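Source file start-v6.csv; content: CSV, C-alpha atoms.
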```csv
chain,number,residue,atom,x,y,z
A,1,MET,CA,73.7,137.1,-7.3
A,2,LYS,CA,72.1,137.7,-3.9
A,3,VAL,CA,68.4,137.0,-3.5
A,4,TYR,CA,66.0,137.7,-0.6
A,5,ILE,CA,62.9,135.5,-0.1
A,6,SER,CA,60.0,136.4,2.2
A,7,ALA,CA,57.4,133.7,2.7
A,8,ASP,CA,53.9,133.9,4.1
A,9,ILE,CA,51.2,131.2,4.2
A,10,GLU,CA,47.8,132.7,3.4
A,11,GLY,CA,48.6,132.7,-0.3
A,12,ILE,CA,50.0,129.2,-0.3
A,13,THR,CA,48.1,126.7,-2.4
A,14,GLY,CA,45.1,125.3,-0.5
A,15,THR,CA,45.1,127.5,2.6
A,16,THR,CA,41.4,128.5,3.2
A,17,HIS,CA,40.7,128.5,7.0
A,18,TRP,CA,42.6,130.2,9.8
A,19,ASN,CA,43.1,126.8,11.5
A,20,GLU,CA,45.3,125.7,8.6
A,21,THR,CA,47.7,128.6,9.3
A,22,GLU,CA,48.1,128.3,13.0
A,23,LEU,CA,51.2,126.6,14.5
A,24,ASN,CA,50.3,123.4,16.5
A,25,HIS,CA,46.7,123.2,15.2
A,26,PRO,CA,46.1,119.7,13.8
A,27,GLU,CA,45.1,121.1,10.4
A,28,TYR,CA,48.2,123.2,10.1
A,29,HIS,CA,50.9,120.5,9.4
A,30,TYR,CA,49.9,119.7,5.8
A,31,PHE,CA,50.0,123.4,4.9
A,32,GLN,CA,53.3,123.9,6.7
A,33,LYS,CA,54.7,121.2,4.4
A,34,GLN,CA,53.2,122.9,1.3
A,35,MET,CA,54.6,126.2,2.4
A,36,THR,CA,58.0,124.6,2.7
A,37,LYS,CA,57.7,123.0,-0.8
A,38,GLU,CA,56.7,126.3,-2.4
A,39,VAL,CA,59.7,128.0,-0.8
A,40,LEU,CA,61.9,125.2,-2.0
A,41,ALA,CA,60.5,125.6,-5.5
A,42,ALA,CA,61.3,129.4,-5.3
A,43,ILE,CA,64.9,128.6,-4.2
A,44,GLU,CA,65.3,126.2,-7.0
A,45,GLY,CA,64.0,128.7,-9.5
A,46,ALA,CA,66.3,131.4,-8.1
A,47,VAL,CA,69.4,129.2,-8.3
A,48,ALA,CA,68.5,128.1,-11.8
A,49,GLY,CA,68.2,131.9,-12.7
A,50,GLY,CA,71.7,132.6,-11.3
A,51,ALA,CA,71.3,133.1,-7.5
A,52,THR,CA,74.4,132.2,-5.6
A,53,GLU,CA,73.3,133.4,-2.1
A,54,ILE,CA,69.8,133.4,-0.6
A,55,LEU,CA,68.4,134.8,2.6
A,56,LEU,CA,65.0,133.5,3.5
A,57,LYS,CA,62.6,135.2,5.9
A,58,ASP,CA,59.9,133.0,7.5
A,59,ALA,CA,57.3,135.8,7.6
A,60,HIS,CA,54.1,134.2,8.9
A,61,ASP,CA,52.7,134.4,12.4
A,62,SER,CA,55.3,132.8,14.8
A,63,ALA,CA,57.8,133.0,11.9
A,64,ARG,CA,58.7,129.4,12.8
A,65,ASN,CA,56.9,127.5,10.0
A,66,ILE,CA,59.4,126.4,7.3
A,67,LEU,CA,60.8,122.9,7.8
A,68,LEU,CA,64.6,123.5,8.3
A,69,GLU,CA,65.7,120.1,7.3
A,70,GLU,CA,64.5,120.7,3.8
A,71,LEU,CA,66.6,123.8,3.1
A,72,PRO,CA,69.7,123.5,0.9
A,73,GLU,CA,73.2,124.6,2.0
A,74,ASN,CA,73.2,127.9,0.1
A,75,VAL,CA,70.3,129.3,2.1
A,76,LYS,CA,70.2,131.2,5.4
A,77,ILE,CA,66.9,131.6,7.2
A,78,ILE,CA,65.6,134.2,9.7
A,79,ARG,CA,63.2,132.5,12.1
A,80,GLY,CA,61.2,134.5,14.6
A,81,TRP,CA,60.8,138.3,14.6
A,82,THR,CA,63.7,140.7,14.8
A,83,GLN,CA,61.2,143.4,16.2
A,84,ASP,CA,62.6,146.1,13.8
A,85,PRO,CA,60.3,148.0,11.4
A,86,MET,CA,61.4,146.0,8.3
A,87,CYS,CA,59.2,143.2,9.8
A,88,MET,CA,58.4,140.7,7.0
A,89,VAL,CA,61.6,141.8,5.1
A,90,ALA,CA,63.9,142.0,8.0
A,91,GLY,CA,67.6,141.7,7.0
A,92,LEU,CA,67.0,143.1,3.5
A,93,ASP,CA,69.5,145.8,2.5
A,94,GLU,CA,71.2,147.3,-0.5
A,95,THR,CA,73.4,144.2,-1.0
A,96,PHE,CA,70.6,142.2,-2.5
A,97,ASP,CA,69.9,142.0,-6.3
A,98,ARG,CA,66.2,141.2,-6.1
A,99,ALA,CA,63.5,140.0,-3.8
A,100,ILE,CA,60.9,137.2,-4.1
A,101,PHE,CA,57.6,137.0,-2.1
A,102,ILE,CA,56.0,133.5,-1.7
A,103,GLY,CA,52.5,132.8,-0.3
A,104,TYR,CA,51.4,136.4,-0.2
A,105,HIS,CA,47.7,137.5,-0.1
A,106,SER,CA,45.2,140.2,-0.7
A,107,GLU,CA,44.9,143.3,1.5
A,108,GLY,CA,42.7,143.6,4.5
A,109,GLY,CA,39.1,144.1,3.6
A,110,SER,CA,39.4,142.2,0.3
A,111,GLU,CA,36.7,139.7,-0.5
A,112,HIS,CA,39.0,137.7,-2.7
A,113,ASN,CA,40.7,135.6,-0.1
A,114,PRO,CA,39.0,134.4,3.1
A,115,LEU,CA,42.4,134.9,4.8
A,116,ALA,CA,42.9,138.5,3.5
A,117,HIS,CA,44.4,141.0,6.0
A,118,THR,CA,47.3,143.5,6.3
A,119,LEU,CA,49.8,142.8,9.0
A,120,SER,CA,47.2,142.0,11.6
A,121,LEU,CA,43.5,141.6,12.1
A,122,ILE,CA,43.0,144.7,14.2
A,123,ALA,CA,43.1,147.3,11.5
A,124,ASP,CA,42.9,147.8,7.7
A,125,VAL,CA,45.7,149.9,6.2
A,126,LYS,CA,45.5,152.6,3.5
A,127,ILE,CA,48.5,154.3,1.9
A,128,ASN,CA,47.7,157.4,-0.2
A,129,GLY,CA,44.0,156.6,-0.3
A,130,GLN,CA,44.5,153.0,-1.5
A,131,TYR,CA,44.0,149.9,0.6
A,132,ALA,CA,47.5,148.6,1.1
A,133,SER,CA,48.6,144.9,0.9
A,134,GLU,CA,51.6,143.4,2.6
A,135,PHE,CA,53.0,143.2,-1.0
A,136,MET,CA,52.8,147.0,-1.3
A,137,ILE,CA,54.3,147.6,2.1
A,138,ASN,CA,57.2,145.2,1.7
A,139,THR,CA,57.8,146.3,-1.9
A,140,TYR,CA,58.1,149.9,-0.8
A,141,ALA,CA,60.4,148.7,2.1
A,142,ALA,CA,62.6,147.0,-0.5
A,143,ALA,CA,62.6,150.2,-2.6
A,144,LEU,CA,64.2,152.0,0.3
A,145,TYR,CA,67.3,150.0,-0.5
A,146,LYS,CA,66.8,150.1,-4.3
A,147,VAL,CA,66.0,146.3,-4.3
A,148,PRO,CA,63.3,145.3,-6.9
A,149,VAL,CA,60.7,142.6,-6.3
A,150,ALA,CA,61.0,140.1,-9.2
A,151,PHE,CA,58.3,137.5,-8.4
A,152,VAL,CA,55.2,137.1,-6.1
A,153,SER,CA,52.9,134.2,-5.6
A,154,GLY,CA,49.5,134.4,-4.0
A,155,ASP,CA,45.8,134.7,-4.7
A,156,GLN,CA,44.4,136.0,-8.0
A,157,ALA,CA,43.3,139.4,-6.7
A,158,LEU,CA,46.8,140.0,-5.4
A,159,THR,CA,48.3,139.3,-8.9
A,160,GLU,CA,45.9,141.8,-10.4
A,161,HIS,CA,46.9,144.3,-7.7
A,162,ILE,CA,50.6,143.8,-8.5
A,163,ALA,CA,50.0,144.4,-12.2
A,164,LYS,CA,48.5,147.8,-11.5
A,165,ILE,CA,51.7,148.8,-9.6
A,166,ASN,CA,54.2,147.3,-12.0
A,167,ASP,CA,53.2,144.9,-14.7
A,168,GLN,CA,56.8,143.7,-15.3
A,169,ILE,CA,56.8,142.0,-11.9
A,170,VAL,CA,56.2,138.3,-12.5
A,171,SER,CA,53.4,136.8,-10.4
A,172,TYR,CA,51.5,133.5,-10.1
A,173,ALA,CA,48.0,132.9,-8.8
A,174,THR,CA,47.6,129.9,-6.6
A,175,LYS,CA,44.0,130.4,-5.8
A,176,VAL,CA,40.8,132.4,-6.2
A,177,GLY,CA,38.8,133.3,-3.1
A,178,ILE,CA,35.0,133.2,-3.1
A,179,GLY,CA,33.4,134.0,0.3
A,180,SER,CA,34.9,131.6,2.8
A,181,ALA,CA,36.0,129.2,0.0
A,182,THR,CA,39.0,129.0,-2.3
A,183,ILE,CA,39.4,127.5,-5.7
A,184,ASN,CA,43.0,126.2,-5.9
A,185,VAL,CA,45.5,125.0,-8.5
A,186,SER,CA,47.1,121.6,-8.1
A,187,PRO,CA,49.8,121.8,-5.4
A,188,GLN,CA,52.2,120.1,-7.9
A,189,LYS,CA,51.4,122.6,-10.6
A,190,ALA,CA,52.1,125.4,-8.1
A,191,LEU,CA,55.5,124.0,-7.5
A,192,LYS,CA,56.3,123.6,-11.2
A,193,GLU,CA,55.1,127.1,-12.2
A,194,THR,CA,56.8,128.8,-9.2
A,195,LYS,CA,60.2,127.3,-10.1
A,196,GLY,CA,59.9,128.1,-13.8
A,197,LEU,CA,58.5,131.6,-13.5
A,198,ILE,CA,61.1,132.6,-10.9
A,199,GLU,CA,63.9,131.4,-13.2
A,200,GLN,CA,62.4,133.6,-15.9
A,201,ALA,CA,62.0,136.5,-13.4
A,202,MET,CA,65.6,136.4,-12.5
A,203,HIS,CA,66.5,137.6,-16.0
A,204,VAL,CA,64.1,140.6,-16.1
A,205,GLU,CA,66.1,143.8,-16.1
A,206,ARG,CA,66.2,145.3,-12.6
A,207,GLU,CA,65.2,148.7,-13.9
A,208,LYS,CA,61.9,147.3,-15.3
A,209,ILE,CA,60.8,145.8,-12.0
A,210,GLN,CA,62.1,148.5,-9.7
A,211,VAL,CA,59.1,150.3,-8.0
A,212,THR,CA,59.6,154.0,-7.3
A,213,LEU,CA,58.6,155.3,-3.9
A,214,PRO,CA,56.0,158.1,-3.8
A,215,GLU,CA,57.2,161.5,-2.7
A,216,LYS,CA,54.9,161.5,0.3
A,217,PHE,CA,52.8,159.1,2.3
A,218,GLU,CA,49.4,159.5,3.9
A,219,LEU,CA,48.9,156.5,6.1
A,220,GLU,CA,45.5,155.6,7.5
A,221,LEU,CA,45.0,152.8,10.0
A,222,ILE,CA,41.3,151.9,10.1
A,223,TYR,CA,40.5,150.1,13.4
A,224,LYS,CA,37.5,147.9,14.3
A,225,ASP,CA,37.7,149.4,17.8
A,226,HIS,CA,37.3,153.2,18.0
A,227,ILE,CA,38.8,153.3,21.5
A,228,LYS,CA,42.0,151.7,20.2
A,229,ALA,CA,42.0,154.2,17.3
A,230,TYR,CA,41.7,157.1,19.8
A,231,ARG,CA,44.5,155.7,22.0
A,232,ASN,CA,46.8,155.1,19.1
A,233,SER,CA,46.2,158.5,17.7
A,234,PHE,CA,48.7,159.8,20.4
A,235,TYR,CA,51.6,158.2,18.5
A,236,PRO,CA,54.0,161.1,17.7
A,237,GLY,CA,52.9,162.9,14.6
A,238,ALA,CA,49.6,161.0,14.3
A,239,LYS,CA,46.0,162.2,14.7
A,240,PHE,CA,42.6,160.8,15.1
A,241,LYS,CA,40.3,160.9,12.0
A,242,ALA,CA,36.6,160.0,12.2
A,243,HIS,CA,35.7,157.2,12.1
A,244,ASN,CA,38.0,154.7,13.9
A,245,THR,CA,41.0,156.0,12.0
A,246,VAL,CA,44.6,157.0,12.8
A,247,LEU,CA,46.1,159.4,10.2
A,248,PHE,CA,49.8,159.8,9.8
A,249,GLU,CA,51.7,161.8,7.1
A,250,THR,CA,55.4,161.7,6.2
A,251,THR,CA,57.8,161.8,3.3
A,252,ASP,CA,59.9,159.0,4.7
A,253,PHE,CA,58.6,155.5,4.2
A,254,TYR,CA,60.7,154.1,7.0
A,255,GLU,CA,58.5,156.2,9.3
A,256,VAL,CA,55.5,154.4,7.9
A,257,LEU,CA,57.2,151.1,8.7
A,258,ARG,CA,57.9,152.3,12.2
A,259,ILE,CA,54.3,153.3,13.0
A,260,LEU,CA,53.0,150.1,11.5
A,261,GLN,CA,55.4,148.2,13.8
A,262,PHE,CA,53.9,149.9,16.9
A,263,LEU,CA,50.2,150.3,16.0
A,264,THR,CA,49.2,147.1,14.1
```

Please rewrite the model in this file as structure tokens.
Amino acid sequence: MKVYISADIEGITGTTHWNETELNHPEYHYFQKQMTKEVLAAIEGAVAGGATEILLKDAHDSARNILLEELPENVKIIRGWTQDPMCMVAGLDETFDRAIFIGYHSEGGSEHNPLAHTLSLIADVKINGQYASEFMINTYAAALYKVPVAFVSGDQALTEHIAKINDQIVSYATKVGIGSATINVSPQKALKETKGLIEQAMHVEREKIQVTLPEKFELELIYKDHIKAYRNSFYPGAKFKAHNTVLFETTDFYEVLRILQFLT
């Protein structure tokens, strides 16, 4: 069984301030270790559930966060950015049986995680009228290849968001955000629950967790800077929408991924 893991840091247990997520910042190193531990728990759970091959995407910021010396022999890791539209799930294709997302977070504009955003801090993203999380974007990207997402860890609001999309996807809440604060579970509990829940998630029938792509997509990129929105509205097929918004419509989700690659 071939499994894909995408790992971010803003939904890892404890992360609360941007300093804790930035490579080379003094406050970063503890959370780099915790991110690595939660990824290792995910790997252990996947293997216990039957995984024989794992591809891991380091999907935060520099994409050079996970401590390599900790990884087992059956794991390959993509470090850095491939610069293709698949972005946080680069390398994912139809050969994978299921995907797992670790350390994910609420969508841009959410008040439920002080680190909430979608892909960047320059714009919020809507798909078909709904604020889109990185979970939604990457789950749809996986659906292009008929790969279901089996498990996601992150903040409480994200797990509630996931349940509205497909309540068969197993999720685990590491924290609750309140203003600029977070209430976190014990880091050790997070590791234990992640491993155990992923082992269970590996046995959920693929059909139950497979998300179906909508027939069409209305993408809205809502910028903080109206000048940037106006400039980016000249992307082929896009148009400016008042206020501060670039509107793009398509029936092909890969085209959504492509415009996100260039305009966020």

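Counting only C-alpha atoms and comparing A:His105, A:Lys57, A:Lys224, A:Arg64, the residue that lies closest to A:Ser6 is A:Lys57.
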
For this session: Could you tell me how far atom CA of A:Lys208 lies from atom CA of A:Asp97, in Å and to one decimal?
Result: 13.2 Å

Sort by chain and increasing residue number a table of all residues of stretch 108-127 of chain A within 10 Å of stretch 178-185 of chain A, each with its closest pair of atoms and their distance in Å to one decimal, counting all atoms listed in the file, and write it as JSON lines.
```
{"residue": "A:Glu111", "atom": "CA", "partner": "A:Gly179", "partner_atom": "CA", "distance": 6.6}
{"residue": "A:His112", "atom": "CA", "partner": "A:Ile178", "partner_atom": "CA", "distance": 6.0}
{"residue": "A:Asn113", "atom": "CA", "partner": "A:Ile178", "partner_atom": "CA", "distance": 6.9}
{"residue": "A:Pro114", "atom": "CA", "partner": "A:Ser180", "partner_atom": "CA", "distance": 5.0}
{"residue": "A:Leu115", "atom": "CA", "partner": "A:Ser180", "partner_atom": "CA", "distance": 8.4}
```

Problem set entry | Neighbour list for A:Asn232 as a PyMOL selection string, cut-off 9 Å, all atoms listed in the file, skip fewer than 5 positions in-chain | chain A and resi 227+238-240+246+263

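Proximity of A:Ile9, A:Ile137, A:Ala48, A:Leu119 to A:Met202, computed with all atoms listed in the file, is greatest for A:Ala48.
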
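Shortest separation to A:Ile165 among A:Ser153, A:Thr82, A:Asn24, A:Gln210 occurs at residue A:Gln210, atoms counted being only C-alpha atoms.
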
Exercise. Pick from A:Ile54, A:Gly49, A:Glu20, A:Glu27: nearest to A:Gly196, with only C-alpha atoms counted?
Worked result: A:Gly49

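Taking atom CA of A:Tyr230 and atom CA of A:Asn128 as the two end points, the separation is 20.9 Å.
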
Starting from the incomplete input, reconstruct N, CA, C and O atoms of stretch 135-156 of chain A and report them as a PDB file, keeping the file's coordinate frame.
```pdb
ATOM      1  N   PHE A 135      52.163 143.044   0.233  1.00  0.00           N
ATOM      2  CA  PHE A 135      53.000 143.200  -1.000  1.00  0.00           C
ATOM      3  C   PHE A 135      53.440 144.622  -1.142  1.00  0.00           C
ATOM      4  O   PHE A 135      54.629 144.922  -1.334  1.00  0.00           O
ATOM      5  N   MET A 136      52.489 145.552  -1.120  1.00  0.00           N
ATOM      6  CA  MET A 136      52.800 147.000  -1.300  1.00  0.00           C
ATOM      7  C   MET A 136      53.777 147.463  -0.258  1.00  0.00           C
ATOM      8  O   MET A 136      54.801 148.099  -0.555  1.00  0.00           O
ATOM      9  N   ILE A 137      53.454 147.171   0.999  1.00  0.00           N
ATOM     10  CA  ILE A 137      54.300 147.600   2.100  1.00  0.00           C
ATOM     11  C   ILE A 137      55.709 147.118   1.992  1.00  0.00           C
ATOM     12  O   ILE A 137      56.687 147.863   2.127  1.00  0.00           O
ATOM     13  N   ASN A 138      55.854 145.822   1.713  1.00  0.00           N
ATOM     14  CA  ASN A 138      57.200 145.200   1.700  1.00  0.00           C
ATOM     15  C   ASN A 138      57.940 145.573   0.379  1.00  0.00           C
ATOM     16  O   ASN A 138      59.173 145.619   0.371  1.00  0.00           O
ATOM     17  N   THR A 139      57.202 145.837  -0.700  1.00  0.00           N
ATOM     18  CA  THR A 139      57.800 146.300  -1.900  1.00  0.00           C
ATOM     19  C   THR A 139      58.398 147.702  -1.749  1.00  0.00           C
ATOM     20  O   THR A 139      59.513 148.008  -2.189  1.00  0.00           O
ATOM     21  N   TYR A 140      57.636 148.552  -1.073  1.00  0.00           N
ATOM     22  CA  TYR A 140      58.100 149.900  -0.800  1.00  0.00           C
ATOM     23  C   TYR A 140      59.325 149.817   0.205  1.00  0.00           C
ATOM     24  O   TYR A 140      60.282 150.584   0.094  1.00  0.00           O
ATOM     25  N   ALA A 141      59.262 148.881   1.166  1.00  0.00           N
ATOM     26  CA  ALA A 141      60.400 148.700   2.100  1.00  0.00           C
ATOM     27  C   ALA A 141      61.648 148.309   1.321  1.00  0.00           C
ATOM     28  O   ALA A 141      62.744 148.823   1.579  1.00  0.00           O
ATOM     29  N   ALA A 142      61.501 147.397   0.369  1.00  0.00           N
ATOM     30  CA  ALA A 142      62.600 147.000  -0.500  1.00  0.00           C
ATOM     31  C   ALA A 142      63.150 148.163  -1.300  1.00  0.00           C
ATOM     32  O   ALA A 142      64.367 148.311  -1.516  1.00  0.00           O
ATOM     33  N   ALA A 143      62.234 149.008  -1.753  1.00  0.00           N
ATOM     34  CA  ALA A 143      62.600 150.200  -2.600  1.00  0.00           C
ATOM     35  C   ALA A 143      63.466 151.165  -1.802  1.00  0.00           C
ATOM     36  O   ALA A 143      64.223 151.941  -2.407  1.00  0.00           O
ATOM     37  N   LEU A 144      63.346 151.166  -0.472  1.00  0.00           N
ATOM     38  CA  LEU A 144      64.200 152.000   0.300  1.00  0.00           C
ATOM     39  C   LEU A 144      65.688 151.703   0.076  1.00  0.00           C
ATOM     40  O   LEU A 144      66.562 152.571   0.202  1.00  0.00           O
ATOM     41  N   TYR A 145      65.958 150.451  -0.290  1.00  0.00           N
ATOM     42  CA  TYR A 145      67.300 150.000  -0.500  1.00  0.00           C
ATOM     43  C   TYR A 145      67.586 149.732  -2.028  1.00  0.00           C
ATOM     44  O   TYR A 145      68.581 149.093  -2.380  1.00  0.00           O
ATOM     45  N   LYS A 146      66.660 150.216  -2.873  1.00  0.00           N
ATOM     46  CA  LYS A 146      66.800 150.100  -4.300  1.00  0.00           C
ATOM     47  C   LYS A 146      66.809 148.575  -4.740  1.00  0.00           C
ATOM     48  O   LYS A 146      67.478 148.191  -5.699  1.00  0.00           O
ATOM     49  N   VAL A 147      66.076 147.738  -3.995  1.00  0.00           N
ATOM     50  CA  VAL A 147      66.000 146.300  -4.300  1.00  0.00           C
ATOM     51  C   VAL A 147      64.621 146.068  -4.981  1.00  0.00           C
ATOM     52  O   VAL A 147      63.583 146.319  -4.359  1.00  0.00           O
ATOM     53  N   PRO A 148      64.579 145.571  -6.221  1.00  0.00           N
ATOM     54  CA  PRO A 148      63.300 145.300  -6.900  1.00  0.00           C
ATOM     55  C   PRO A 148      62.726 143.945  -6.493  1.00  0.00           C
ATOM     56  O   PRO A 148      63.464 143.004  -6.191  1.00  0.00           O
ATOM     57  N   VAL A 149      61.403 143.860  -6.486  1.00  0.00           N
ATOM     58  CA  VAL A 149      60.700 142.600  -6.300  1.00  0.00           C
ATOM     59  C   VAL A 149      60.514 141.953  -7.660  1.00  0.00           C
ATOM     60  O   VAL A 149      59.906 142.564  -8.546  1.00  0.00           O
ATOM     61  N   ALA A 150      61.014 140.730  -7.840  1.00  0.00           N
ATOM     62  CA  ALA A 150      61.000 140.100  -9.200  1.00  0.00           C
ATOM     63  C   ALA A 150      59.784 139.170  -9.337  1.00  0.00           C
ATOM     64  O   ALA A 150      59.286 139.015 -10.464  1.00  0.00           O
ATOM     65  N   PHE A 151      59.322 138.539  -8.254  1.00  0.00           N
ATOM     66  CA  PHE A 151      58.300 137.500  -8.400  1.00  0.00           C
ATOM     67  C   PHE A 151      57.433 137.508  -7.086  1.00  0.00           C
ATOM     68  O   PHE A 151      57.966 137.653  -5.981  1.00  0.00           O
ATOM     69  N   VAL A 152      56.125 137.280  -7.261  1.00  0.00           N
ATOM     70  CA  VAL A 152      55.200 137.100  -6.100  1.00  0.00           C
ATOM     71  C   VAL A 152      54.204 136.045  -6.437  1.00  0.00           C
ATOM     72  O   VAL A 152      53.634 136.009  -7.530  1.00  0.00           O
ATOM     73  N   SER A 153      53.965 135.144  -5.480  1.00  0.00           N
ATOM     74  CA  SER A 153      52.900 134.200  -5.600  1.00  0.00           C
ATOM     75  C   SER A 153      51.818 134.482  -4.551  1.00  0.00           C
ATOM     76  O   SER A 153      52.125 134.990  -3.468  1.00  0.00           O
ATOM     77  N   GLY A 154      50.557 134.180  -4.892  1.00  0.00           N
ATOM     78  CA  GLY A 154      49.500 134.400  -4.000  1.00  0.00           C
ATOM     79  C   GLY A 154      48.137 134.310  -4.679  1.00  0.00           C
ATOM     80  O   GLY A 154      48.052 133.724  -5.760  1.00  0.00           O
ATOM     81  N   ASP A 155      47.085 134.878  -4.091  1.00  0.00           N
ATOM     82  CA  ASP A 155      45.800 134.700  -4.700  1.00  0.00           C
ATOM     83  C   ASP A 155      45.628 135.622  -5.951  1.00  0.00           C
ATOM     84  O   ASP A 155      46.419 136.539  -6.188  1.00  0.00           O
ATOM     85  N   GLN A 156      44.611 135.312  -6.753  1.00  0.00           N
ATOM     86  CA  GLN A 156      44.400 136.000  -8.000  1.00  0.00           C
ATOM     87  C   GLN A 156      44.256 137.486  -7.906  1.00  0.00           C
ATOM     88  O   GLN A 156      44.825 138.246  -8.685  1.00  0.00           O
TER      89      GLN A 156
END
```
